[in-house]
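**Student:** Take a look at upload.txt, compact mmCIF, C-alpha atoms and all ligand atoms:
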```
# COMPACT_ATOMS: atom_id res chain seq x y z
CA MET A 792 -132.77 -32.07 -22.02
CA ASN A 793 -134.88 -31.11 -25.05
CA PHE A 794 -138.63 -30.97 -25.67
CA GLU A 795 -138.70 -34.46 -27.27
CA HIS A 796 -138.15 -35.81 -23.76
CA PHE A 797 -141.77 -35.05 -22.77
CA LEU A 798 -143.23 -37.22 -25.57
CA LEU A 799 -145.64 -34.48 -26.58
CA ASP A 800 -147.88 -34.75 -29.64
CA GLN A 801 -145.80 -34.11 -32.78
CA ARG A 802 -148.07 -31.23 -33.82
CA ILE A 803 -147.18 -29.44 -30.58
CA VAL A 804 -143.47 -30.26 -30.87
CA ALA A 805 -143.49 -28.79 -34.38
CA ARG A 806 -144.88 -25.53 -33.02
CA ILE A 807 -142.28 -25.39 -30.22
CA LYS A 808 -139.60 -25.70 -32.88
CA ALA A 809 -141.23 -23.10 -35.10
CA ILE A 810 -141.39 -20.64 -32.19
CA GLY A 811 -137.73 -21.27 -31.56
CA TYR A 812 -137.59 -22.87 -28.12
CA THR A 813 -134.83 -25.47 -28.03
CA THR A 814 -134.31 -26.24 -24.34
CA PRO A 815 -137.02 -26.34 -21.69
CA THR A 816 -136.46 -23.75 -18.95
CA PRO A 817 -135.96 -25.11 -15.39
CA ILE A 818 -139.61 -24.65 -14.46
CA GLN A 819 -140.70 -26.39 -17.66
CA GLN A 820 -138.33 -29.30 -16.90
CA GLN A 821 -139.80 -29.66 -13.44
CA ALA A 822 -143.46 -28.92 -14.06
CA ILE A 823 -144.31 -30.45 -17.45
CA PRO A 824 -143.83 -34.14 -16.45
CA ARG A 825 -145.86 -33.65 -13.26
CA VAL A 826 -148.72 -31.90 -15.05
CA LEU A 827 -148.71 -34.63 -17.71
CA GLU A 828 -149.08 -37.19 -14.91
CA GLY A 829 -152.24 -35.35 -13.84
CA ARG A 830 -150.84 -34.08 -10.55
CA ASP A 831 -151.87 -30.79 -8.94
CA VAL A 832 -148.95 -28.39 -9.01
CA MET A 833 -147.93 -25.45 -6.90
CA GLY A 834 -145.49 -23.44 -9.00
CA LEU A 835 -143.46 -20.84 -7.19
CA ALA A 836 -142.09 -18.87 -10.06
CA GLN A 837 -142.00 -15.31 -11.13
CA THR A 838 -142.72 -14.06 -14.58
CA GLY A 839 -139.89 -14.51 -17.07
CA THR A 840 -139.16 -18.11 -16.12
CA GLY A 841 -141.18 -19.72 -18.92
CA LYS A 842 -144.07 -20.65 -16.63
CA THR A 843 -146.74 -19.96 -19.26
CA ALA A 844 -145.50 -22.70 -21.58
CA ALA A 845 -144.90 -24.88 -18.49
CA PHE A 846 -148.66 -25.13 -17.99
CA LEU A 847 -149.87 -24.61 -21.57
CA LEU A 848 -147.88 -27.44 -23.15
CA PRO A 849 -149.20 -30.28 -20.96
CA ILE A 850 -152.72 -28.82 -21.12
CA LEU A 851 -152.58 -28.84 -24.92
CA GLN A 852 -151.29 -32.40 -24.82
CA ARG A 853 -154.35 -33.42 -22.77
CA LEU A 854 -156.78 -31.55 -25.03
CA THR A 855 -155.50 -33.08 -28.27
CA LYS A 856 -157.31 -36.20 -27.01
CA GLY A 857 -160.93 -36.43 -25.94
CA PRO A 858 -163.98 -34.34 -26.79
CA LEU A 859 -163.71 -31.05 -28.63
CA ARG A 860 -165.78 -27.85 -28.49
CA ARG A 861 -166.41 -27.80 -24.78
CA VAL A 862 -164.53 -25.77 -22.18
CA ARG A 863 -162.03 -28.25 -20.70
CA ALA A 864 -159.32 -25.88 -19.44
CA LEU A 865 -159.82 -22.63 -17.54
CA ILE A 866 -156.89 -20.27 -16.98
CA ILE A 867 -157.49 -17.30 -14.68
CA ALA A 868 -155.16 -14.30 -14.71
CA PRO A 869 -155.27 -11.00 -12.83
CA THR A 870 -154.96 -8.56 -15.74
CA ARG A 871 -156.09 -8.21 -19.31
CA GLU A 872 -152.50 -7.88 -20.46
CA LEU A 873 -151.51 -11.18 -18.87
CA ALA A 874 -154.67 -12.92 -20.16
CA GLU A 875 -153.93 -11.63 -23.65
CA GLN A 876 -150.31 -12.78 -23.43
CA ILE A 877 -151.32 -16.29 -22.36
CA TYR A 878 -153.93 -16.36 -25.11
CA GLN A 879 -151.36 -15.40 -27.77
CA MET A 880 -149.04 -18.17 -26.59
CA SER A 881 -151.89 -20.66 -26.47
CA ARG A 882 -152.89 -19.78 -30.03
CA ASP A 883 -149.33 -20.02 -31.18
CA LEU A 884 -148.66 -23.41 -29.61
CA SER A 885 -151.99 -24.96 -30.66
CA LYS A 886 -151.89 -23.75 -34.25
CA ASN A 887 -151.41 -27.24 -35.75
CA THR A 888 -154.12 -28.83 -33.60
CA LYS A 889 -157.90 -28.50 -33.45
CA VAL A 890 -157.73 -26.94 -29.97
CA ARG A 891 -159.15 -23.41 -29.79
CA SER A 892 -158.92 -20.76 -27.09
CA VAL A 893 -160.45 -17.41 -26.19
CA SER A 894 -159.40 -14.55 -23.94
CA ILE A 895 -162.09 -13.02 -21.78
CA TYR A 896 -161.71 -9.69 -20.00
CA GLY A 897 -163.65 -6.53 -19.31
CA GLY A 898 -163.24 -3.09 -20.83
CA VAL A 899 -164.01 -4.37 -24.33
CA SER A 900 -167.28 -5.46 -25.93
CA LYS A 901 -168.66 -8.86 -24.95
CA PHE A 902 -169.86 -9.48 -28.47
CA SER A 903 -166.79 -11.05 -30.06
CA GLN A 904 -165.99 -13.01 -26.89
CA VAL A 905 -169.53 -14.45 -26.85
CA SER A 906 -169.52 -15.27 -30.54
CA ARG A 907 -166.21 -17.14 -30.19
CA LEU A 908 -167.65 -19.05 -27.24
CA ARG A 909 -170.75 -19.99 -29.22
CA LYS A 910 -168.61 -21.56 -31.93
CA GLY A 911 -167.22 -23.88 -29.28
CA LEU A 912 -163.70 -24.06 -27.87
CA GLU A 913 -161.60 -25.86 -25.29
CA ILE A 914 -159.49 -23.24 -23.46
CA VAL A 915 -160.83 -20.14 -21.71
CA ILE A 916 -158.24 -17.62 -20.50
CA ALA A 917 -160.01 -15.07 -18.36
CA CYS A 918 -159.91 -12.30 -15.82
CA PRO A 919 -162.30 -13.08 -12.94
CA GLY A 920 -164.87 -10.25 -13.30
CA ARG A 921 -165.85 -10.66 -16.96
CA LEU A 922 -165.73 -14.43 -16.64
CA LEU A 923 -168.39 -14.36 -13.92
CA ASP A 924 -170.38 -11.91 -16.03
CA LEU A 925 -170.46 -14.29 -18.97
CA VAL A 926 -171.20 -17.27 -16.74
CA ASN A 927 -174.16 -15.41 -15.23
CA ASP A 928 -175.43 -14.52 -18.72
CA GLY A 929 -175.35 -18.22 -19.57
CA ASN A 930 -172.58 -17.81 -22.14
CA ILE A 931 -170.01 -20.10 -20.54
CA ASP A 932 -170.53 -23.58 -19.16
CA LEU A 933 -167.75 -24.44 -16.72
CA SER A 934 -169.19 -27.79 -15.65
CA LYS A 935 -166.84 -29.77 -17.93
CA VAL A 936 -163.59 -28.12 -16.89
CA GLU A 937 -160.81 -30.68 -16.39
CA VAL A 938 -157.90 -28.34 -15.60
CA LEU A 939 -157.89 -25.06 -13.70
CA VAL A 940 -154.87 -22.74 -13.75
CA LEU A 941 -154.53 -19.76 -11.42
CA ASP A 942 -151.72 -17.61 -12.75
CA GLU A 943 -150.13 -14.92 -10.59
CA ALA A 944 -152.45 -16.02 -7.81
CA ASP A 945 -150.66 -13.79 -5.28
CA ARG A 946 -151.38 -10.78 -7.45
CA MET A 947 -155.03 -11.77 -7.78
CA CYS A 948 -155.36 -11.93 -4.00
CA ASP A 949 -153.58 -8.60 -3.74
CA MET A 950 -156.00 -7.04 -6.21
CA GLY A 951 -159.05 -8.20 -4.27
CA PHE A 952 -160.15 -11.01 -6.61
CA LEU A 953 -160.33 -13.65 -3.89
CA PRO A 954 -164.17 -13.65 -3.54
CA ASP A 955 -164.57 -13.88 -7.35
CA ILE A 956 -162.10 -16.74 -7.51
CA ARG A 957 -163.94 -18.64 -4.81
CA ARG A 958 -167.21 -18.12 -6.69
CA ILE A 959 -165.67 -19.42 -9.91
CA ILE A 960 -164.20 -22.48 -8.20
CA LYS A 961 -167.65 -23.44 -6.92
CA LEU A 962 -168.79 -23.69 -10.55
CA LEU A 963 -166.11 -26.24 -11.47
CA PRO A 964 -166.22 -30.00 -11.09
CA ALA A 965 -164.58 -31.08 -7.82
CA GLN A 966 -162.76 -33.78 -9.80
CA ARG A 967 -160.19 -31.73 -11.70
CA GLN A 968 -156.51 -30.90 -11.95
CA THR A 969 -155.44 -27.58 -10.42
CA LEU A 970 -152.25 -25.70 -11.22
CA PHE A 971 -151.41 -22.77 -9.00
CA PHE A 972 -148.71 -20.23 -9.86
CA ALA A 973 -147.45 -17.41 -7.68
CA ALA A 974 -144.21 -15.50 -7.23
CA THR A 975 -144.76 -14.98 -3.53
CA MET A 976 -146.80 -16.67 -0.83
CA PRO A 977 -148.50 -14.15 1.46
CA ARG A 978 -150.91 -15.68 3.95
CA ASP A 979 -154.13 -15.24 1.92
CA THR A 980 -152.50 -16.80 -1.16
CA ARG A 981 -151.23 -19.77 0.87
CA LYS A 982 -154.71 -20.27 2.36
CA LEU A 983 -156.30 -20.25 -1.09
CA ALA A 984 -153.72 -22.75 -2.37
CA ASP A 985 -154.25 -25.07 0.59
CA SER A 986 -158.00 -25.01 0.11
CA ILE A 987 -158.03 -25.89 -3.60
CA LEU A 988 -154.96 -28.05 -4.28
CA ASN A 989 -155.17 -31.78 -3.85
CA ASN A 990 -151.89 -33.39 -2.76
CA PRO A 991 -149.84 -31.01 -4.93
CA VAL A 992 -146.22 -31.26 -5.98
CA THR A 993 -144.34 -28.04 -5.48
CA VAL A 994 -141.99 -26.78 -8.13
CA GLN A 995 -139.90 -23.82 -7.17
CA ILE A 996 -137.47 -21.94 -9.30
CA GLY A 997 -134.65 -20.70 -7.13
CA LYS A 998 -135.37 -18.46 -4.24
CA ILE A 999 -138.19 -16.06 -4.82
CA ALA A 1000 -135.91 -13.28 -5.90
CA PRO A 1001 -135.46 -11.00 -8.88
CA ALA A 1002 -134.11 -12.56 -12.08
CA LYS A 1003 -130.43 -13.36 -11.72
CA THR A 1004 -129.55 -12.06 -15.13
CA VAL A 1005 -130.29 -8.51 -14.06
CA SER A 1006 -127.69 -6.20 -12.60
CA HIS A 1007 -129.03 -3.79 -10.04
CA ALA A 1008 -127.87 -0.28 -9.25
CA LEU A 1009 -129.10 2.41 -6.94
CA TYR A 1010 -129.03 6.07 -7.93
CA PRO A 1011 -129.58 8.19 -4.85
CA VAL A 1012 -131.29 11.45 -5.77
CA PRO A 1013 -133.55 13.97 -4.06
CA ALA A 1014 -137.14 14.03 -5.37
CA LYS A 1015 -136.79 17.42 -7.02
CA LEU A 1016 -133.86 16.27 -9.17
CA LYS A 1017 -135.38 12.98 -10.34
CA LYS A 1018 -136.57 14.21 -13.70
CA SER A 1019 -133.31 15.89 -14.67
CA LEU A 1020 -131.35 12.84 -13.49
CA LEU A 1021 -133.51 10.62 -15.70
CA MET A 1022 -133.00 12.84 -18.73
CA ALA A 1023 -129.23 12.97 -18.17
CA MET A 1024 -129.14 9.21 -17.64
CA LEU A 1025 -131.01 8.51 -20.87
CA GLN A 1026 -128.56 10.72 -22.73
CA GLN A 1027 -125.50 9.06 -21.25
CA THR A 1028 -126.63 5.43 -21.39
CA ALA A 1029 -126.88 3.09 -24.34
CA THR A 1030 -130.39 1.75 -23.87
CA GLY A 1031 -132.68 -0.49 -25.89
CA ARG A 1032 -136.26 -0.66 -24.68
CA VAL A 1033 -136.70 1.11 -21.38
CA LEU A 1034 -139.52 0.53 -18.93
CA ILE A 1035 -139.87 3.27 -16.33
CA PHE A 1036 -142.00 2.75 -13.24
CA THR A 1037 -143.75 5.52 -11.37
CA ARG A 1038 -145.84 5.36 -8.25
CA THR A 1039 -148.94 7.07 -9.65
CA LYS A 1040 -150.90 7.20 -12.91
CA TYR A 1041 -150.47 10.96 -12.93
CA ARG A 1042 -146.70 10.69 -12.73
CA ALA A 1043 -146.58 8.06 -15.51
CA ARG A 1044 -148.64 10.27 -17.81
CA ASN A 1045 -146.60 13.40 -17.12
CA LEU A 1046 -143.28 11.66 -17.48
CA ALA A 1047 -144.28 10.17 -20.85
CA ARG A 1048 -145.32 13.64 -22.01
CA ASP A 1049 -142.07 15.24 -20.89
CA LEU A 1050 -140.04 12.53 -22.58
CA GLU A 1051 -141.98 13.01 -25.80
CA LYS A 1052 -141.41 16.75 -25.65
CA ARG A 1053 -137.69 16.07 -25.47
CA GLY A 1054 -137.85 13.96 -28.60
CA TYR A 1055 -138.02 10.47 -27.12
CA ARG A 1056 -140.44 7.95 -28.56
CA ALA A 1057 -142.31 7.39 -25.32
CA ALA A 1058 -145.77 6.39 -24.18
CA ALA A 1059 -147.57 6.03 -20.87
CA LEU A 1060 -149.17 2.83 -19.60
CA GLN A 1061 -151.47 3.46 -16.69
CA GLY A 1062 -154.83 2.45 -15.32
CA ASN A 1063 -156.78 5.50 -16.47
CA MET A 1064 -156.24 4.56 -20.10
CA SER A 1065 -158.84 2.51 -21.96
CA GLN A 1066 -158.05 -1.10 -22.82
CA ASN A 1067 -157.47 -0.06 -26.43
CA GLN A 1068 -155.09 2.72 -25.48
CA ARG A 1069 -153.13 0.37 -23.24
CA GLN A 1070 -152.90 -2.30 -25.90
CA ARG A 1071 -151.69 0.31 -28.39
CA ALA A 1072 -148.97 1.40 -25.97
CA ILE A 1073 -147.84 -2.18 -25.35
CA ASN A 1074 -147.93 -3.09 -29.03
CA GLY A 1075 -146.03 0.07 -29.89
CA PHE A 1076 -143.38 -0.81 -27.33
CA ARG A 1077 -143.15 -4.36 -28.63
CA ASN A 1078 -142.89 -3.44 -32.30
CA GLY A 1079 -140.44 -0.59 -31.81
CA LYS A 1080 -142.73 2.41 -32.27
CA TYR A 1081 -141.86 3.46 -28.71
CA ASP A 1082 -138.50 3.06 -26.99
CA ILE A 1083 -139.74 4.07 -23.56
CA LEU A 1084 -142.85 3.17 -21.57
CA ALA A 1085 -143.68 5.06 -18.37
CA ALA A 1086 -145.88 2.69 -16.42
CA THR A 1087 -147.58 2.07 -13.10
CA ASP A 1088 -147.31 -1.35 -11.46
CA VAL A 1089 -150.81 -2.62 -12.04
CA ALA A 1090 -151.00 -1.44 -15.67
CA SER A 1091 -147.72 -3.11 -16.50
CA ARG A 1092 -148.56 -6.50 -15.00
CA GLY A 1093 -147.79 -9.33 -17.34
CA ILE A 1094 -146.19 -7.23 -20.06
CA ASP A 1095 -144.19 -9.63 -22.15
CA VAL A 1096 -141.86 -7.51 -24.17
CA SER A 1097 -138.69 -9.37 -24.82
CA GLU A 1098 -135.44 -7.50 -24.89
CA ILE A 1099 -136.21 -4.81 -22.37
CA SER A 1100 -132.72 -3.50 -21.68
CA HIS A 1101 -133.47 -1.29 -18.70
CA VAL A 1102 -136.04 -1.10 -15.98
CA ILE A 1103 -135.85 2.23 -14.21
CA ASN A 1104 -137.61 2.58 -10.89
CA TYR A 1105 -138.23 6.30 -11.08
CA ASP A 1106 -140.15 5.80 -7.86
CA ILE A 1107 -139.07 2.91 -5.71
CA PRO A 1108 -141.87 0.34 -5.32
CA ASP A 1109 -143.85 -0.02 -2.09
CA THR A 1110 -142.87 -3.61 -1.48
CA VAL A 1111 -140.11 -6.10 -2.20
CA ASP A 1112 -142.64 -8.17 -4.17
CA ALA A 1113 -143.41 -5.26 -6.44
CA TYR A 1114 -139.67 -4.77 -7.01
CA THR A 1115 -139.32 -8.43 -7.99
CA HIS A 1116 -142.24 -8.18 -10.39
CA ARG A 1117 -140.95 -5.01 -12.01
CA ILE A 1118 -137.46 -6.40 -12.46
CA GLY A 1119 -138.93 -9.65 -13.83
CA ARG A 1120 -139.60 -7.70 -16.98
CA THR A 1121 -135.95 -7.35 -17.86
CA GLY A 1122 -133.58 -10.28 -17.99
CA ARG A 1123 -136.40 -12.54 -19.17
CA ALA A 1124 -135.51 -15.94 -20.50
CA GLN A 1125 -131.79 -15.66 -19.86
CA ARG A 1126 -131.30 -12.27 -21.47
CA THR A 1127 -129.46 -9.69 -19.45
CA GLY A 1128 -130.77 -6.37 -18.30
CA GLU A 1129 -130.13 -3.53 -15.93
CA ALA A 1130 -132.34 -2.29 -13.16
CA PHE A 1131 -131.75 1.26 -12.00
CA THR A 1132 -133.55 2.47 -8.91
CA PHE A 1133 -133.84 6.11 -7.96
CA ALA A 1134 -133.80 6.37 -4.22
CA GLY A 1135 -134.38 9.24 -1.85
CA GLU A 1136 -133.30 9.46 1.73
CA GLU A 1137 -136.69 8.18 2.91
CA ASP A 1138 -136.25 4.92 1.00
CA GLU A 1139 -133.55 3.36 3.17
CA GLN A 1140 -135.75 0.69 4.77
CA ILE A 1141 -137.26 -0.69 1.57
CA ILE A 1142 -133.78 -0.79 0.01
CA ARG A 1143 -132.50 -2.85 2.92
CA ASP A 1144 -135.51 -5.20 2.49
CA ILE A 1145 -134.78 -5.63 -1.23
CA GLU A 1146 -131.11 -6.29 -0.50
CA LYS A 1147 -132.10 -9.01 1.97
CA ILE A 1148 -133.95 -10.85 -0.80
CA LEU A 1149 -131.19 -10.28 -3.33
CA GLY A 1150 -128.70 -11.57 -0.78
CA LYS A 1151 -126.29 -8.69 -1.38
CA ARG A 1152 -125.92 -4.94 -1.21
CA ILE A 1153 -127.06 -3.02 -4.27
CA GLU A 1154 -124.28 -1.03 -5.81
CA MET A 1155 -124.72 2.73 -5.32
CA ARG A 1156 -123.86 4.87 -8.29
CA ARG A 1157 -123.47 8.53 -9.00
CA LEU A 1158 -124.23 9.70 -12.53
CA PRO A 1159 -121.04 11.35 -13.83
CA ASP A 1160 -121.25 15.03 -14.76
CA PHE A 1161 -124.62 15.48 -13.13
CA ASN A 1162 -125.11 18.44 -10.83
CA TYR A 1163 -126.51 17.08 -7.57
CA GLY A 1164 -126.34 20.50 -5.86
CA ASP A 1165 -125.80 20.12 -2.13
CA PHE A 1166 -127.07 16.50 -2.11
CA SER A 1167 -124.44 13.85 -1.60
CA PRO A 1168 -125.29 10.63 -3.49
CA GLU A 1169 -122.42 8.89 -1.70
CA ASN A 1170 -124.19 9.34 1.66
CA PRO A 1171 -127.83 9.36 0.62
CA PHE A 1172 -129.27 8.47 3.96
CA GLN A 1173 -127.39 11.16 5.83
CA ASN A 1174 -128.52 14.11 3.73
CA GLY A 1175 -130.75 16.63 5.51
CA HIS A 1176 -133.29 15.23 7.98
CA ALA A 1177 -133.30 11.51 7.28
CA LYS A 1178 -132.08 10.89 10.81
CA ALA A 1179 -134.56 13.27 12.40
CA PRO A 1180 -136.84 11.88 15.10
CA ARG A 1181 -140.03 10.36 13.75
CA LYS A 1182 -142.44 13.02 15.00
CA THR A 1183 -140.74 15.76 12.98
CA ARG A 1184 -141.21 13.89 9.68
CA SER A 1185 -143.92 14.77 7.20
CA PRO A 1186 -147.07 12.72 7.72
CA ARG A 1187 -147.14 9.35 5.96
CA LYS A 1188 -150.18 8.16 4.15
CA ARG A 1189 -151.01 4.52 4.60
CA ASN A 1190 -151.53 2.48 1.50
CA HIS A 1191 -154.65 0.47 2.30
CA ASN A 1192 -154.86 -1.43 -0.96
CA ARG A 1193 -151.98 -3.76 -0.45
CA SER A 1194 -152.19 -6.62 1.91
CA ASN A 1195 -149.11 -8.72 1.28
CA GLY A 1196 -146.47 -9.26 3.88
CA GLY A 1197 -142.72 -9.06 3.54
CA GLY A 1198 -141.41 -5.56 3.19
CA ASN A 1199 -144.72 -3.77 2.97
CA ARG A 1200 -144.70 -0.39 4.58
CA SER A 1201 -146.49 2.88 4.50
CA ARG A 1202 -145.02 5.49 2.22
CA ARG A 1203 -145.16 9.17 1.62
CA ARG A 1204 -146.61 10.09 -1.73
CA SER A 1205 -144.90 12.92 -3.52
CA HIS A 1206 -146.25 14.31 -6.76
P1 LIG B 1 -143.13 -16.43 -19.09
O1 LIG B 1 -142.37 -16.63 -17.81
O2 LIG B 1 -144.06 -17.53 -19.37
O3 LIG B 1 -143.77 -15.07 -19.14
O4 LIG B 1 -142.06 -16.48 -20.29
C1 LIG B 1 -141.01 -15.55 -20.44
C2 LIG B 1 -140.43 -15.52 -21.84
O5 LIG B 1 -139.66 -16.70 -22.09
C3 LIG B 1 -141.45 -15.46 -22.95
O6 LIG B 1 -141.03 -14.47 -23.86
C4 LIG B 1 -141.41 -16.83 -23.60
O7 LIG B 1 -141.72 -16.77 -24.97
C5 LIG B 1 -139.98 -17.25 -23.37
N1 LIG B 1 -139.79 -18.71 -23.25
C6 LIG B 1 -140.61 -19.60 -22.64
N2 LIG B 1 -140.10 -20.86 -22.72
C7 LIG B 1 -138.92 -20.76 -23.38
C8 LIG B 1 -137.91 -21.70 -23.78
N3 LIG B 1 -138.01 -23.00 -23.47
N4 LIG B 1 -136.86 -21.23 -24.45
C9 LIG B 1 -136.73 -19.92 -24.73
N5 LIG B 1 -137.64 -18.95 -24.39
C10 LIG B 1 -138.72 -19.37 -23.72
```
Hey, can you dump this file as C-alpha cells for me?

**Tutor:**
Amino acid sequence: MNFEHFLLDQRIVARIKAIGYTTPTPIQQQAIPRVLEGRDVMGLAQTGTGKTAAFLLPILQRLTKGPLRRVRALIIAPTRELAEQIYQMSRDLSKNTKVRSVSIYGGVSKFSQVSRLRKGLEIVIACPGRLLDLVNDGNIDLSKVEVLVLDEADRMCDMGFLPDIRRIIKLLPAQRQTLFFAATMPRDTRKLADSILNNPVTVQIGKIAPAKTVSHALYPVPAKLKKSLLMAMLQQTATGRVLIFTRTKYRARNLARDLEKRGYRAAALQGNMSQNQRQRAINGFRNGKYDILAATDVASRGIDVSEISHVINYDIPDTVDAYTHRIGRTGRAQRTGEAFTFAGEEDEQIIRDIEKILGKRIEMRRLPDFNYGDFSPENPFQNGHAKAPRKTRSPRKRNHNRSNGGGNRSRRRSH
C-alpha cells in the first residue's frame, strides 16, 4: 500500500513525498481511512509507530476544505517537547496548503503564541495548562473545534492533567470527532476514553510492548559500580546517539557532567532546566552537537530523535510502561537499536514484569574485562542480601506520583 491509496489532497501527497515517506506504517494504514470517514478512533500505539502522521494527515485533509482562520482542530499533548514535535510535523506536512498551526505551552512568553493566534489559524497543538490560560484570557476560541486529538492520553492522566482535560473538553462543541491515543490503558485513562469517545473504532498496533526492532540486554551491576560500568561500556561499544535514563534530575545532571569531563559530547535533559535549555539539549542531540543525553523520564517524553542507537537504563524504570516508553525512543520507524538495562539485585521483580510483556527472558550480559569485584553478574539476584527477609531490608520510599497499574511498585531511591 502507498499513500496514494488514501486519496489525499495532492498538495499533502507532495509533502509526504518530499519528507520521504513511501509506505504508510501499520497504524497509518489502519487509522487514516477511519479518521477520513469521520469516525472517533481509539489508537493503542506507542511512540515510534508513526501515530503523529496517522492523525495529522486526515486532519489536514479535512482542513483543506471549509473555512480558514478559525481553530478547527485541537491537539493536546502532555509535554512541550511532544507538542513541539507534533507542531513541526504539522508545519512540514501543511507547507503547500493554507492551513496554519501553532504550538502552545508554558515556560515561554505568551506574546508570540498570542500574536500567531490573532493572525488566525486552524490547528492548535497545546499542553493543557497554558491552553486554559490563553482560553481564560480570551485569546483562543474553541467553540468551532471539529476534531480533538488527545495524544499520549495515558501519560497526561499519569501527570495529573485529567481535571484540565475535562475543563477543556467542556469548552468544545459536543458534535465533534475525537481521536484518542495511548500506549497503555490504566483505569483512569480507560474511563476518560469511555466518557469522550462516541462509538469509536479501535486501532491497535501489536501488543502493547516495546518496539520489536530493539534488542534488549540486562547488565547486572551493584549500584556503586554503575558509573564505571557505563564508562567502560561506552569505550567498548560502537554507539551512535545514546540516550541514558536516570531516576532523578540530580543523577541526570551529574552523569552528564561526568561524561563531559571524560571528553564525551554529552548534555543533561531534566525537569529543572528551563524550556530553552531543554530545547537546546534536544536540538544539540538531534543535530549531532551531543552524542549522549542523560535524561529523566518526564523531560524526555516525546523526544523524536531518529537514529538513536542505544538506550541505556542507568537506573531501571519504576514501571513496565516507563520501560516501554523509554525503549520506544530507539528502534523508531523500523530502525534497529539496543536497549541496555543496568540492574541491581533489588530489581528482580520489575525485570520479571518487563519480561512478561516482552514475552521472553532478557539476555543477561557481563561486560568483558570489567572488574566486578566480589559481585557475580551471572547470579545477580543471589548476591549479598537479596534473599533476606523483608524486615531486614532498607526502608522503601513509596512513589506517590504514579498511579498507573501493571508493574508499578515502590522503589528504593539511591543517589
Ligand atoms: P511517531 O510515532 O509519530 O512519533 O513517528 C516516529 C517516526 O517515524 C518519526 O520520526 C516520523 O517522522 C517517522 N515516520 C512516520 N510515518 C512514517 C512513514 N510512513 N514512513 C517512514 N517514517 C515515518

**Student:** Quick one: pull the distance between CA of Gly920 (chain A) and CA of Ala874 (chain A), Å, one decimal.

**Tutor:** 12.6 Å

**Student:** Mind giving me the straight-line distance from CA of Ala868 (chain A) to CA of Arg806 (chain A) in Å, one decimal?

**Tutor:** 23.8 Å

**Student:** As a list in words, please: every protein or nucleic acid residue near ligand LIG 1 (chain B) (cut-off 6 Å, counting only C-alpha atoms and all ligand atoms).

**Tutor:**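 The distance check yields Tyr812, Thr813, Thr814, Pro815, Thr816, Thr838, Gly839, Thr840, Gly841, Lys842, Thr843, Ala844, Ser1097, Arg1123 and Ala1124 of chain A.
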
**Student:** Smallest atom-to-atom distance to Arg1048 (chain A): which of A:Met1022, A:Ala1085, A:Thr1115, A:Ile931, using all atoms listed in the file?

**Tutor:** A:Ala1085

**Student:** Do you know which residues are at most 8 Å from Lys935 (chain A) counting all atoms listed in the file, after dropping those on the same chain fewer than 3 positions away, and could you put them as a VMD selection string?

**Tutor:** chain A and resid 861 to 863 932 963 to 964

**Student:** Please indicate the distance in Å from CA of Val905 (chain A) to CA of Asn930 (chain A), rounded to one decimal place.

**Tutor:**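 That distance, rounded to one decimal, is 6.5 Å.
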
**Student:** Restricting the calculation to only C-alpha atoms, which member of A:Lys1151, A:Arg967, A:Lys1017, A:Arg921 is positioned closest to Glu937 (chain A)?

**Tutor:**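 The shortest atom-to-atom distance to Glu937 (chain A) comes from A:Arg967.
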
**Student:** Show me, as a PyMOL selection string, the residues that have an atom within 8 Å of Leu827 (chain A) when counting all atoms listed in the file, minus same-chain residues fewer than 3 positions from it.

**Tutor:** chain A and resi 823-824+830+849-850+852-853

**Student:** Restricting the calculation to all atoms listed in the file, which member of A:Ile1073, A:Gln820, A:Asp924, A:Tyr1010 is positioned closest to Met1024 (chain A)?

**Tutor:**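 Nearest candidate to Met1024 (chain A) out of A:Ile1073, A:Gln820, A:Asp924, A:Tyr1010: A:Tyr1010.
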
**Student:** From the list A:Ile877, A:Ile914, A:Val992, A:Ala1059, which residue is nearest Glu828 (chain A) when using all atoms listed in the file?

**Tutor:**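 Closest candidate: A:Val992.
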